[in-house]
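As structure tokens, the structure follows; a few thoughts come after it.
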Amino acid sequence: MRRMILLVAFIIMLPFTCVADDEIAAAQSAIRSQTDAIVRDDGATAYTFASPALQQIFQQPDIFMAMVQKNYAPIYRHKRFDFGESRIQDGKIAQKVEIIDAEGEPWTALYTLERQDGAMKITGCTLVKETGA
């Protein structure tokens with residue numbers, strides 16, 4: 001009987017887990033695609049992954065790229081970019097990314113994303129330099 005209850009609980013939870021996994025995969029894909037565009041200096045493509053609110057602040061791709069180059073140099077020019085922990089709450093995703101910048105210094109980026117008009121959009125990114133080992 002206990003096995004049957006566990007099996008039913010697993011089956012009930014499976015769709016939710018798959019949806020969460022799909023959303024995390026979509027978030028990571030959006031981050032990776034934007035980062036790839038940033039590295040190629042393709043501001044027009046990078047800009048498409050920003051949420052409408054961010055696009056309203058940075059009204060043109062070249063303005064967006066200038067902000068990235070100035071404030072997010074570890075993302076703009078990095079040696080390593082690895083996804084860490086992800087969390088989903090109320091349709092919003094928080095994605096941690098471990099970065100090694102061009103000088104070999106470690107950073108952590110915390111991206112926030114959500115689905116807007118059917119597409120996964122980046123709503124923000126906080127960058128923190130890691131200190132000590």
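Residues in the structure tokens are named by chain (A, B, ... in the order shown) and by number from 1 within that chain; ligands are numbered from 1 in the order shown.
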Show me, as JSON lines, the residues of range 62-98 of chain A having an atom within 12 Å of range 118-121 of chain A, each with the closest atom pair and its distance in Å, using only C-alpha atoms.
{"residue": "A:Gly91", "atom": "CA", "partner": "A:Met120", "partner_atom": "CA", "distance": 10.7}
{"residue": "A:Lys92", "atom": "CA", "partner": "A:Met120", "partner_atom": "CA", "distance": 10.0}
{"residue": "A:Ile93", "atom": "CA", "partner": "A:Met120", "partner_atom": "CA", "distance": 9.7}
{"residue": "A:Ala94", "atom": "CA", "partner": "A:Lys121", "partner_atom": "CA", "distance": 11.9}
- prompt: Between A:Glu85, A:Ser51, A:Asp90, A:Thr108, which has the minimum distance to Ala30 in chain A (counting only C-alpha atoms)?
  reply: A:Ser51
task: Return as number ranges by chain the full set of residues in chain A whose backbone-based DSSP assignment is helix (DSSP H, G or I).
output: A: 2-39, 43-48, 52-57, 61-71, 73-76
query: Contacts of Ile100 in chain A at 6 Å or less, counting only C-alpha atoms, minus same-chain residues fewer than 5 places along, as a PyMOL selection string?
result: chain A and resi 78-80+105-106
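Between Ala66 in chain A and the candidates A:Glu23, A:Asp36, A:Asp42, A:Glu103, the tightest atom-to-atom separation, counting only C-alpha atoms, involves A:Asp42.
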If you count only C-alpha atoms, which residues fall within 12 Å of Asp82 in chain A, apart from same-chain ones fewer than 5 positions away, as a compact mmCIF listing (two decimals) with C-alpha atoms, in the first residue's frame?
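Contents of around-v7.txt, freshly written:
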# COMPACT_ATOMS: atom_id res chain seq x y z
CA GLN A 28 19.36 28.90 -19.22
CA ILE A 31 20.90 33.50 -20.73
CA ARG A 32 23.32 31.48 -22.88
CA THR A 35 25.67 35.93 -23.46
CA ILE A 75 30.02 38.68 -18.60
CA GLN A 95 19.46 31.47 -12.03
CA LYS A 96 22.91 31.57 -10.48
CA VAL A 97 25.90 31.66 -12.85
CA GLU A 98 29.53 31.18 -11.86
CA ILE A 99 31.87 33.26 -14.02
CA ILE A 100 35.62 33.51 -14.43
CA ASP A 101 36.43 36.87 -16.03
CA PRO A 106 35.70 34.64 -9.97
CA TRP A 107 32.26 36.29 -10.07
CA THR A 108 28.70 35.23 -9.41
CA ALA A 109 25.82 36.52 -11.47
CA LEU A 110 22.22 36.13 -10.33
- request: Within 10 Å of Ala53 in chain A, counting only C-alpha atoms, which residues show up once you throw out same-chain ones fewer than 5 positions away? Write them as a ChimeraX atom specification, please.
  value: /A:58-59,122-124
Next, write the just-selected residues to a file, as a PDB file, in the first residue's frame, keeping C-alpha atoms as the atom set.
ATOM      1  CA  PHE A  58      17.811  50.997 -22.500  1.00  0.00           C
ATOM      2  CA  GLN A  59      15.803  52.078 -25.536  1.00  0.00           C
ATOM      3  CA  ILE A 122      15.759  38.376 -18.622  1.00  0.00           C
ATOM      4  CA  THR A 123      14.383  40.836 -16.088  1.00  0.00           C
ATOM      5  CA  GLY A 124      17.631  41.569 -14.264  1.00  0.00           C
TER       6      GLY A 124
END
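Interatomic distance, CA of Ala46 in chain A against CA of Pro61 in chain A: 7.7 Å.
Atom pair CA of Arg77 in chain A / CA of Gln55 in chain A has a distance of 22.1 Å (rounded to one decimal).
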- prompt: Which of these residues is nearest to Phe49 in chain A, using only C-alpha atoms: A:Ala73, A:Ala25, A:Leu113, A:Met67?
  reply: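 Looking only at the distances to Phe49 in chain A, the closest residue turns out to be A:Leu113.
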task: Mind listing the strand (DSSP E) residues of chain A, per DSSP on the backbone, as a PyMOL selection string?
output: chain A and resi 78-89+92-101+106-116+119-129
Writing out the chosen residues with C-alpha atoms as a PDB file, in the first residue's frame:
ATOM      1  CA  HIS A  78      34.752  35.887 -19.700  1.00  0.00           C
ATOM      2  CA  LYS A  79      36.880  32.752 -19.706  1.00  0.00           C
ATOM      3  CA  ARG A  80      34.271  30.522 -18.081  1.00  0.00           C
ATOM      4  CA  PHE A  81      30.490  30.702 -17.642  1.00  0.00           C
ATOM      5  CA  ASP A  82      28.774  27.861 -15.722  1.00  0.00           C
ATOM      6  CA  PHE A  83      25.185  27.545 -14.560  1.00  0.00           C
ATOM      7  CA  GLY A  84      24.634  26.958 -10.863  1.00  0.00           C
ATOM      8  CA  GLU A  85      21.537  26.659  -8.731  1.00  0.00           C
ATOM      9  CA  SER A  86      18.115  27.577 -10.121  1.00  0.00           C
ATOM     10  CA  ARG A  87      14.896  28.437  -8.297  1.00  0.00           C
ATOM     11  CA  ILE A  88      11.349  29.011  -9.473  1.00  0.00           C
ATOM     12  CA  GLN A  89       8.719  30.869  -7.489  1.00  0.00           C
ATOM     13  CA  LYS A  92       9.797  33.856 -11.795  1.00  0.00           C
ATOM     14  CA  ILE A  93      13.152  32.148 -12.178  1.00  0.00           C
ATOM     15  CA  ALA A  94      16.380  32.947 -10.362  1.00  0.00           C
ATOM     16  CA  GLN A  95      19.460  31.471 -12.030  1.00  0.00           C
ATOM     17  CA  LYS A  96      22.914  31.569 -10.479  1.00  0.00           C
ATOM     18  CA  VAL A  97      25.903  31.655 -12.846  1.00  0.00           C
ATOM     19  CA  GLU A  98      29.531  31.177 -11.856  1.00  0.00           C
ATOM     20  CA  ILE A  99      31.868  33.258 -14.017  1.00  0.00           C
ATOM     21  CA  ILE A 100      35.621  33.513 -14.427  1.00  0.00           C
ATOM     22  CA  ASP A 101      36.431  36.866 -16.027  1.00  0.00           C
ATOM     23  CA  PRO A 106      35.695  34.640  -9.970  1.00  0.00           C
ATOM     24  CA  TRP A 107      32.262  36.291 -10.069  1.00  0.00           C
ATOM     25  CA  THR A 108      28.704  35.225  -9.408  1.00  0.00           C
ATOM     26  CA  ALA A 109      25.817  36.523 -11.470  1.00  0.00           C
ATOM     27  CA  LEU A 110      22.219  36.132 -10.328  1.00  0.00           C
ATOM     28  CA  TYR A 111      19.833  36.418 -13.247  1.00  0.00           C
ATOM     29  CA  THR A 112      16.092  36.828 -12.875  1.00  0.00           C
ATOM     30  CA  LEU A 113      13.775  35.784 -15.685  1.00  0.00           C
ATOM     31  CA  GLU A 114      10.123  35.275 -16.447  1.00  0.00           C
ATOM     32  CA  ARG A 115       7.923  34.373 -19.368  1.00  0.00           C
ATOM     33  CA  GLN A 116       6.554  37.425 -21.119  1.00  0.00           C
ATOM     34  CA  ALA A 119       9.127  33.991 -24.458  1.00  0.00           C
ATOM     35  CA  MET A 120      11.619  33.689 -21.608  1.00  0.00           C
ATOM     36  CA  LYS A 121      12.943  37.200 -20.897  1.00  0.00           C
ATOM     37  CA  ILE A 122      15.759  38.376 -18.622  1.00  0.00           C
ATOM     38  CA  THR A 123      14.383  40.836 -16.088  1.00  0.00           C
ATOM     39  CA  GLY A 124      17.631  41.569 -14.264  1.00  0.00           C
ATOM     40  CA  CYS A 125      21.158  40.543 -13.420  1.00  0.00           C
ATOM     41  CA  THR A 126      23.149  41.204 -10.263  1.00  0.00           C
ATOM     42  CA  LEU A 127      26.897  40.680 -10.479  1.00  0.00           C
ATOM     43  CA  VAL A 128      29.021  40.040  -7.388  1.00  0.00           C
ATOM     44  CA  LYS A 129      32.799  39.595  -7.239  1.00  0.00           C
TER      45      LYS A 129
END
